[in-house]
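Data first, discussion second: the structure below is written as structure tokens.
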Amino acid sequence: DGGITQSPKYLFRKEGQNVTLSCEQNLNHDAMYWYRQDPGQGLRLIYYSQIVNDFQKGDIAEGYSVSREKKESFPLTVTSAQKNPTAFYLCASSIPNLGLAANNEQFFGPGTRLTVL
Amino acid sequence: AQTVTQSQPEMSVQEAETVTLSCTYDTSESDYYLFWYKQPPSRQMILVIRQEAYKQQNATENRFSVNFQKAAKSFSLKISDSQLGDAAMYFCAYRSSVLQGAQKLVFGQGTRLTINP
């Protein structure tokens with residue numbers, strides 16, 4: 001079955017440590033996204049990538065880094081510079097925007113819950 | 001920058017009745033997409049319904065329909081014959097139609113819907 005997988009489901013980090021969240025998709029989508037979800041704030045965009053070896057900052061990129069070496073993979077690193085990393089992280093993917101008539105829905109993974117101890 | 005506002009943090013409805021969730025947005029663009037996503041307790045984001053701004057006809061998907069008021073920048077979701085499985089967080093989201101590879105979503109804060117048996 002095609003879809004998006006995220007691992008781990010739960011992740012615990014000590015203060016000062018970097019951690020990497022995995023996101024893999026087998027939908028053959030070019031575009032991938034990382035969102036952060038906090039209670040009462042909805043989802044906010046961290047980083048997105050339109051194509052392999054290219055990515056752009058979203059609205060809350062500070063303290064995060066990404067790479068896009070393969071079409072299927074878009075890992076997110078939460079660095080020690082992120083002051084409040086405890087949150088739920090969602091990865092998504094979509095085909096490129098092909099115009100008004102295109103069905104370019106974003107598909108979401110199951111998420112990773114990160115807790116800083 | 002576009003913004004999306006959901007003014008109802010929580011709503012409840014009796015099973016089999018109808019409920020309407022509100023969403024307003026702010027944009028200077030004339031062409032765009034609007035979405036309603038559902039997030040059940042599993043936290044998996046599921047697309048409920050989509051509306052293209054250039055279409056005057058309101059979108060419908062089985063028991064789910066929208067009331068799209070472009071001039072008022074309003075996009076409400078109506079759920080008819082509510083079922084226990086409809087209990088979830090509902091997010092309204094906006095996406096520009098500007099032609100580019102990735103399509104960033106701007107989310108509202110969410111509305112938690114409870115279904116009373």
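Chain labels follow the order of the structure tokens: the first chain is A, the next B, and so on; residue numbering restarts at 1 in every chain, and ligands are counted from 1 in their shown order.
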Using DSSP on the backbone, list every residue of chain B that comes out as strand (DSSP E), and give them as a PyMOL selection string.
-> chain B and resi 3-5+10-14+19-21+24-26+32-39+46-52+60-61+64-69+74-79+88-96+105-107+111-116
Hey, list the chain B side of the contact with chain A: 8 Å cut-off, only C-alpha atoms, answer as an NGL selection string.
-> :B and (9 or 42-46 or 52 or 91 or 97 or 99-110)
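Shell of Cys23 in chain A at 7 Å, with only C-alpha atoms counted and residues fewer than 4 places along the chain excluded, is Thr5, Gln6, Ser7, Ser73, Phe74, Pro75 and Cys91 of chain A.
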CA of Thr20 in chain B and CA of Tyr94 in chain B are how many Å apart?
->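 Going from CA of Thr20 in chain B over to CA of Tyr94 in chain B, I get 18.4 Å.
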Between A:Leu11, A:Ala61, A:Leu76, A:Val66, single out the one closest to Leu117 in chain A, counting only C-alpha atoms.
->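 Among the listed residues, A:Leu11 lies closest to Leu117 in chain A.
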Report as a PDB file with N, CA and C atoms, in the first residue's frame all protein, DNA and RNA residues lying within 6 Å of Val66 in chain B, evaluated on only C-alpha atoms, omitting residues in the same chain fewer than 4 positions from it.
ATOM      1  N   ASN B  58     -21.045  25.147  -4.069  1.00  0.00           N
ATOM      2  CA  ASN B  58     -20.482  24.626  -2.830  1.00  0.00           C
ATOM      3  C   ASN B  58     -20.179  23.138  -2.957  1.00  0.00           C
ATOM      4  N   ALA B  59     -19.030  22.735  -2.426  1.00  0.00           N
ATOM      5  CA  ALA B  59     -18.634  21.330  -2.488  1.00  0.00           C
ATOM      6  C   ALA B  59     -19.447  20.493  -1.497  1.00  0.00           C
ATOM      7  N   SER B  76     -17.652  27.633   5.930  1.00  0.00           N
ATOM      8  CA  SER B  76     -18.139  26.799   7.022  1.00  0.00           C
ATOM      9  C   SER B  76     -18.396  25.371   6.559  1.00  0.00           C
ATOM     10  N   LEU B  77     -18.300  24.451   7.485  1.00  0.00           N
ATOM     11  CA  LEU B  77     -18.507  23.026   7.226  1.00  0.00           C
ATOM     12  C   LEU B  77     -19.767  22.566   7.931  1.00  0.00           C
ATOM     13  N   LYS B  78     -20.666  21.949   7.178  1.00  0.00           N
ATOM     14  CA  LYS B  78     -21.881  21.396   7.757  1.00  0.00           C
ATOM     15  C   LYS B  78     -21.808  19.883   7.731  1.00  0.00           C
TER      16      LYS B  78
END
